[in-house]
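J.: Dropping the structure in here first, questions after.
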Amino acid sequence: MDTNDPLERAVRPRERGEIWTDEQFRAAREHDLTERTTPVRRAVSAVLGCLLLALLLTSGKVVEIAERQEFGDARDRNLAVAESIDRVANFLSLNRPYDALRNLRDANNGRSETVAVVTTTVPAATIATTTSVPTANGSSLEATTTTTAVPATTTVPEGRVVTDDDPLRVYVAGDSQATYLGQAITSESGGWPLEVELDDRISTGLARPDYFDWPAQWANQMVELDPEIVVLFIGANDHQDMVDAAGQRLIEGSDSWRDEWRSRMIAALDILTTDNRIVYWVTQPPMRDGALDAGVRVINEVADEVLADRSEVIAIDIWELFGGDGAYQDRLTGPDGDTITARISDGVHLSRPAASWVADLVFAELDARFVFSP
Amino acid sequence: MLFPTFTFAVFFAVVLPLSWALRGRATAWKILILTASAVFYGYWDWRFLGLLALMIVVNEVAAVAVHRQPEPARRKRLTGTAVVFDLAVLGVFKYYGFFVSSLEDSFGLEGPALDIVLPVGVSFFTFQAISYVVDVHRREAAPAPLLDFAVYLSFFPQLVAGPIVRATEFLPELRASRTPDRVEASRATLLIARGLVKKVVIADFIGRAIVNDAFGTPGEYSAWDVLFGIYGYAIQIYADFSGYTDMAIGLALLLGFRFPQNFDRPYAAVSVQDFWRRWHMTLSRWLRDYLYVPLGGNRSGRAATYRNLVITMGLGGLWHGAAWVFVVWGLYQGLGLAIERALSEARGEPDVEFDATDVRIRELARLHSGAEVDAWREDPTSPVPFSPLAVRRLWLGRIVTFHFVCVGWVVFFAGTVTGGGIDAAVDVFAALGSGWTQAPELLNPLVAVVIVLTIAVQFVPPLLARQLSAMFSTVPAPAMAIGVALWIMVVVALGPEGVSEFIYFQF
């Protein structure tokens, strides 16, 4: 040791409230401050052993990750591998601590660990759910239950008078596109007294109820929150294959895929429009990525067909506003004449000021339907 | 490919043993690492690989040409050309849209609209490439063989978000034979475990629990929510970025490479200058060595020094993102540094220039005023001065600096809101103007504890941390492996669904 090591001399005694001799420093440094190195073979074995053990301990999560991948051969392969790992972990009971922690976490979050899978032939406001119940050995049993959403009490008369004491109850829901839109509606409010609930869930849509079950969520939220207005901005993540109730894989964009997505949208709207609730459906804007752009065009086409028969659902059509068939554009001049950067760098999400434009369209619809009495 | 993912774990489980198996065969090892880095980077978008390859070839050719050129003027021109090329790459891929929109907003001039995807980590590897050519120009480094330089620029642990490792640090390690009995496995393990919890648990939790809402619609929440949202963002951005670099440094250690430290308890800083010596340290020294010093540093009088500080930090702000708000943030930091320096000079305090590499002196500088350290340095055997006044100044400095930095983070946040301008920051500050009597909605005991604890950890004495680290290194490898596996399980089980992108990836 360098006996003139200033750090050792200055800091160590002060921290301990002691004055140490150089000999003490030397001993302390040798004993306390020398990190042992590890021979390579042992270090690499330890890292690999650690990863293998971590894999077994978190096998439930590994299966979850595989299940959430887009349907296809790669997912099938990964799922087969993940399930094999899970079987080994289950045999060795190594997945128990993880499951216990997840249960604890979910209980603290006030959430059931059940995963609801919505069938697509749901009658209005009634959803069939498949519930996963963990068994003692860590595997899952599936039970089908039926939940009927209690009809909401809301009746929104045309021209309802909105006051500061009786604000409009607005529920904004959807994928990550809904975040800025919901925030813009909340903070700008268009001069309306609004009570806004934002329910934004990243990477969700109607295509993968196994990942997040929106209809089940909406059935609950309509009962809990009883909103008068629902604003939906959803669909960009549905650019992928789906599996129907019979387990049949539907190729994205095919006729059967369109039929399935249509029926899911109708089922969702049936839940949301209960008792004259008004729903605003925000269409998808053009996307920079060509494949995604083609995907959202299909979503918009199917949504158009559905909305043509649903007078209680109002389309907030933003396709043209964000470039339309003239294709995707980053920079746009809005209705107010201002040019803004309308999309964030991923070429998908609306920027915050662009979300304000969309919020203005929602406010304009409110102006036409409600009366505000300050 | 994000570090804390199953995909990366599989990738690393393959690369690590292969890397050590090829230890004795240098060329094969370099090809392996180059291939692994290409897989790692191409996993985001394989088209980015072309850009990286172009950067490698052009900068290597330039470095060799600079090295061979005996005439200083020509060497300078060659270096300048290489730097301009690197900056042009950065300009096109990162700043094109910014330049076009700025021209449009300011002068009504419309530039051609190009949809350019920002390659991940372009700011980091561009800076490394510039430092390589400039170091060769300064005769501080000799050009490396192409394969070595390619490994340096593309080395996957630091490729996408730093630390910004210099060629003069990396290449000697590359050339040295890695001895198989000197892997700092315990230190690497601690760093990776710490990085995981910082990123996956702390940063994501704080973001979701308070920051997203408090910054998204600040007017809807109490002033307490917004205030702790600001503190929370300071924690989130620190945990997110330092967590990533902890993992990067740990992974590099397992492969046998020592990276420079990138964060050193930044919220314990006693001054703005001290903060920048502790926050993103490898960027700070890059800005100092390749921008501040070439601008003249502090060699041309006070006014020029202040100007150089402001310019350096303004450009450093722009490095963080293609928006004027980042420039404002950088200028704010530069002004902070300049004002601090001016006040220090007005008080007659000596300009204590510490050697950045001398950790011991820096440590003392944090504990005591510059003057005391200066006196002590004259006679290192004398007792170290330590007075209650120094302690009070120390804590006042820490509190003021932390809040100065937090104000800056609000502006910085506005820069991350595309197209939003400074408005997002104004909204947050405005929300602090009222609502102090309103009950907090987002702030709860858990959020407060996480924020306070993360700040408190910054004050753990470095020696204690080193002691703990040394103690951990005595744990047998199998026990360490089991402990870390259990740790990963807890992080995965208690962490949020999915892993957010690292905040700094966009830079």
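In the structure tokens, the first chain shown is A, the next is B, and so on; residue numbers restart at 1 for each chain, and ligands run from 1 in the order shown.
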Running DSSP on the backbone, which parts of region 266-364 of chain A land in helix (DSSP H, G or I), as a PyMOL selection string?
T.: chain A and resi 266-272+274-276+290-308+324-326+352-364
J.: Counting only C-alpha atoms, what is within 8 Å of Ser373 (chain A), bar same-chain residues fewer than 3 positions away, as an MDAnalysis selection string?
T.: chainID A and resid 161:164
J.: Residues near Gln177 (chain A), anyone? I mean within 10 Å using only C-alpha atoms, not counting same-chain ones fewer than 2 positions away, as a list in words.
T.: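 With the cut-off at 10 Å, the set is Ala173, Gly174, Asp175, Thr179, Tyr180, Leu181, Gly182, Asp200, Arg201, Ile202, Ser203, Leu232, Phe233, Ile234, Gly235, Ala236, Gln284, Val348, His349, Leu350, Ser351 and Ala355 of chain A.
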J.: Set the distance at 7 Å and use only C-alpha atoms: which residues neighbour region 271-285 of chain B once local chain neighbours fewer than 4 positions away are removed? I'd like the list as a list in words.
T.: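 Here the qualifying residues turn out to be Pro163, Ile164, Asn262, Phe263, Asp264, Arg265, Pro266, Asp289, Gly336, Leu337, Gly397, Arg398 and Thr401 of chain B.
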J.: Nearest to chain B: which of A:Arg75, A:Arg277, A:Arg42, A:Arg96 is it, counting only C-alpha atoms?
T.: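 The closest residue to chain B is A:Arg42.
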J.: I want to know what sits within 6 Å of region 473-482 of chain B, based on only C-alpha atoms, with residues of the same chain fewer than 3 positions away left out; could you give that as a PDB file with N, CA and C atoms, in the first residue's frame?
T.:
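Output below, filename selection-v1.pdb:
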ATOM      1  N   GLU A  35     -10.643  -7.113  -4.170  1.00  0.00           N
ATOM      2  CA  GLU A  35     -11.671  -7.968  -4.748  1.00  0.00           C
ATOM      3  C   GLU A  35     -10.995  -9.194  -5.344  1.00  0.00           C
ATOM      4  N   ARG A  36     -11.502 -10.346  -4.946  1.00  0.00           N
ATOM      5  CA  ARG A  36     -10.926 -11.574  -5.490  1.00  0.00           C
ATOM      6  C   ARG A  36     -11.348 -11.748  -6.939  1.00  0.00           C
ATOM      7  N   ALA A  46     -20.105 -20.463 -13.731  1.00  0.00           N
ATOM      8  CA  ALA A  46     -21.036 -19.819 -12.803  1.00  0.00           C
ATOM      9  C   ALA A  46     -22.069 -18.993 -13.560  1.00  0.00           C
ATOM     10  N   CYS A  50     -25.877 -19.819 -13.577  1.00  0.00           N
ATOM     11  CA  CYS A  50     -26.789 -18.780 -13.099  1.00  0.00           C
ATOM     12  C   CYS A  50     -27.921 -18.552 -14.098  1.00  0.00           C
TER      13      CYS A  50
ATOM     14  N   SER B 186     -16.967 -11.284  -9.651  1.00  0.00           N
ATOM     15  CA  SER B 186     -17.845 -10.798  -8.581  1.00  0.00           C
ATOM     16  C   SER B 186     -18.227  -9.340  -8.831  1.00  0.00           C
ATOM     17  N   ALA B 470     -15.731  -6.126  -1.990  1.00  0.00           N
ATOM     18  CA  ALA B 470     -14.634  -7.055  -1.693  1.00  0.00           C
ATOM     19  C   ALA B 470     -15.147  -8.255  -0.904  1.00  0.00           C
ATOM     20  N   ALA B 485     -29.195 -15.750  -9.576  1.00  0.00           N
ATOM     21  CA  ALA B 485     -30.366 -16.334 -10.243  1.00  0.00           C
ATOM     22  C   ALA B 485     -31.637 -16.007  -9.451  1.00  0.00           C
TER      23      ALA B 485
END
J.: State, in Å with one decimal place, the distance from CA of Ala66 (chain A) to CA of Val201 (chain B).
T.: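 Between CA of Ala66 (chain A) and CA of Val201 (chain B) the gap works out to 21.9 Å.
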J.: Give me, as a PyMOL selection string, all polymer residues having an atom no more than 10 Å from Met287 (chain A), counting only C-alpha atoms and skipping those fewer than 4 positions away in the same chain.
T.: chain A and resi 236+291-297+322-324+327-330+343+346-349
J.: Restricting it to C-alpha atoms, dump the selection as an mmCIF file, in the first residue's frame.
T.:
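Okay, this is what ended up in again-v1.cif:
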data_model
loop_
_atom_site.group_PDB
_atom_site.id
_atom_site.type_symbol
_atom_site.label_atom_id
_atom_site.label_comp_id
_atom_site.auth_asym_id
_atom_site.auth_seq_id
_atom_site.Cartn_x
_atom_site.Cartn_y
_atom_site.Cartn_z
ATOM 1 C CA ALA A 236 -52.223 -0.200 -34.729
ATOM 2 C CA ALA A 291 -46.230 -3.068 -43.965
ATOM 3 C CA LEU A 292 -47.725 -1.359 -40.941
ATOM 4 C CA ASP A 293 -49.352 1.213 -43.194
ATOM 5 C CA ALA A 294 -50.986 -1.577 -45.183
ATOM 6 C CA GLY A 295 -52.095 -3.164 -41.912
ATOM 7 C CA VAL A 296 -53.791 -0.045 -40.580
ATOM 8 C CA ARG A 297 -55.492 0.530 -43.928
ATOM 9 C CA PHE A 322 -52.183 13.046 -41.232
ATOM 10 C CA GLY A 323 -51.390 12.743 -44.901
ATOM 11 C CA GLY A 324 -54.068 10.410 -46.226
ATOM 12 C CA ALA A 327 -48.733 8.981 -47.650
ATOM 13 C CA TYR A 328 -47.100 9.385 -44.299
ATOM 14 C CA GLN A 329 -45.552 12.730 -43.396
ATOM 15 C CA ASP A 330 -43.617 13.860 -40.332
ATOM 16 C CA ARG A 343 -45.191 12.142 -35.452
ATOM 17 C CA ASP A 346 -40.797 5.827 -34.621
ATOM 18 C CA GLY A 347 -43.063 6.912 -37.463
ATOM 19 C CA VAL A 348 -46.071 5.490 -35.657
ATOM 20 C CA HIS A 349 -47.149 7.570 -32.701
#
J.: At what distance in Å, to one decimal, does CA of Ala342 (chain A) lie from CA of Ser101 (chain B)?
T.: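 Calculated distance between CA of Ser101 (chain B) and CA of Ala342 (chain A) is 11.4 Å.
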J.: Between A:Asp338, A:Glu195, A:Asp325, A:Glu67, single out the one closest to Ala80 (chain A), counting only C-alpha atoms.
T.: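 With only C-alpha atoms as the atom set, the closest residue is A:Glu67.
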J.: Going by DSSP on the backbone, which bits of region 214-356 of chain A are strand (DSSP E)? Write them as JSON, numbers by chain, please.
T.: {"A": [229, 230, 231, 232, 233, 242, 243, 249, 250, 278, 279, 280, 281, 282, 313, 314, 315, 316, 331, 332, 333, 339, 340, 341]}
J.: I need the residues from that last selection saved to file as a PDB file, in the first residue's frame (with C-alpha atoms), if you can.
T.:
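Result file part37.pdb:
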ATOM      1  CA  ILE A 229     -68.423   9.330 -23.565  1.00  0.00           C
ATOM      2  CA  VAL A 230     -65.894   6.751 -24.702  1.00  0.00           C
ATOM      3  CA  VAL A 231     -62.981   7.716 -26.951  1.00  0.00           C
ATOM      4  CA  LEU A 232     -61.179   4.760 -28.518  1.00  0.00           C
ATOM      5  CA  PHE A 233     -57.826   4.917 -30.255  1.00  0.00           C
ATOM      6  CA  MET A 242     -55.054 -13.952 -35.070  1.00  0.00           C
ATOM      7  CA  VAL A 243     -56.451 -17.182 -33.733  1.00  0.00           C
ATOM      8  CA  ARG A 249     -54.955 -19.337 -37.272  1.00  0.00           C
ATOM      9  CA  LEU A 250     -56.138 -16.476 -39.442  1.00  0.00           C
ATOM     10  CA  ILE A 278     -71.587   7.579 -27.097  1.00  0.00           C
ATOM     11  CA  VAL A 279     -68.402   6.162 -28.557  1.00  0.00           C
ATOM     12  CA  TYR A 280     -65.871   8.102 -30.622  1.00  0.00           C
ATOM     13  CA  TRP A 281     -63.719   5.820 -32.734  1.00  0.00           C
ATOM     14  CA  VAL A 282     -60.461   7.457 -33.805  1.00  0.00           C
ATOM     15  CA  VAL A 313     -70.465   5.334 -32.803  1.00  0.00           C
ATOM     16  CA  ILE A 314     -68.907   8.413 -34.323  1.00  0.00           C
ATOM     17  CA  ALA A 315     -65.755   8.173 -36.374  1.00  0.00           C
ATOM     18  CA  ILE A 316     -63.058  10.738 -35.719  1.00  0.00           C
ATOM     19  CA  ARG A 331     -44.282  17.540 -40.738  1.00  0.00           C
ATOM     20  CA  LEU A 332     -47.816  18.713 -41.276  1.00  0.00           C
ATOM     21  CA  THR A 333     -49.770  21.901 -41.380  1.00  0.00           C
ATOM     22  CA  THR A 339     -46.801  23.460 -39.168  1.00  0.00           C
ATOM     23  CA  ILE A 340     -45.725  20.973 -36.568  1.00  0.00           C
ATOM     24  CA  THR A 341     -43.761  17.760 -36.200  1.00  0.00           C
TER      25      THR A 341
END
J.: Just give me the gap between CA of Phe155 (chain B) and CA of Gly91 (chain B) in Å, one decimal is fine.
T.: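 Result for CA of Phe155 (chain B) versus CA of Gly91 (chain B): 23.2 Å, one decimal.
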J.: If you count only C-alpha atoms, which residues fall within 8 Å of Tyr221 (chain B), apart from same-chain ones fewer than 6 positions away, as a list of chain:residue names?
T.: B:Ala214, B:Ala431, B:Gly435, B:Pro440, B:Glu441, B:Leu442
J.: I need the residue nearest Ser154 (chain B) from this list: B:Ala239, B:Ala73, B:Leu90, B:Ile31. Use only C-alpha atoms for the distance.
T.: B:Ile31
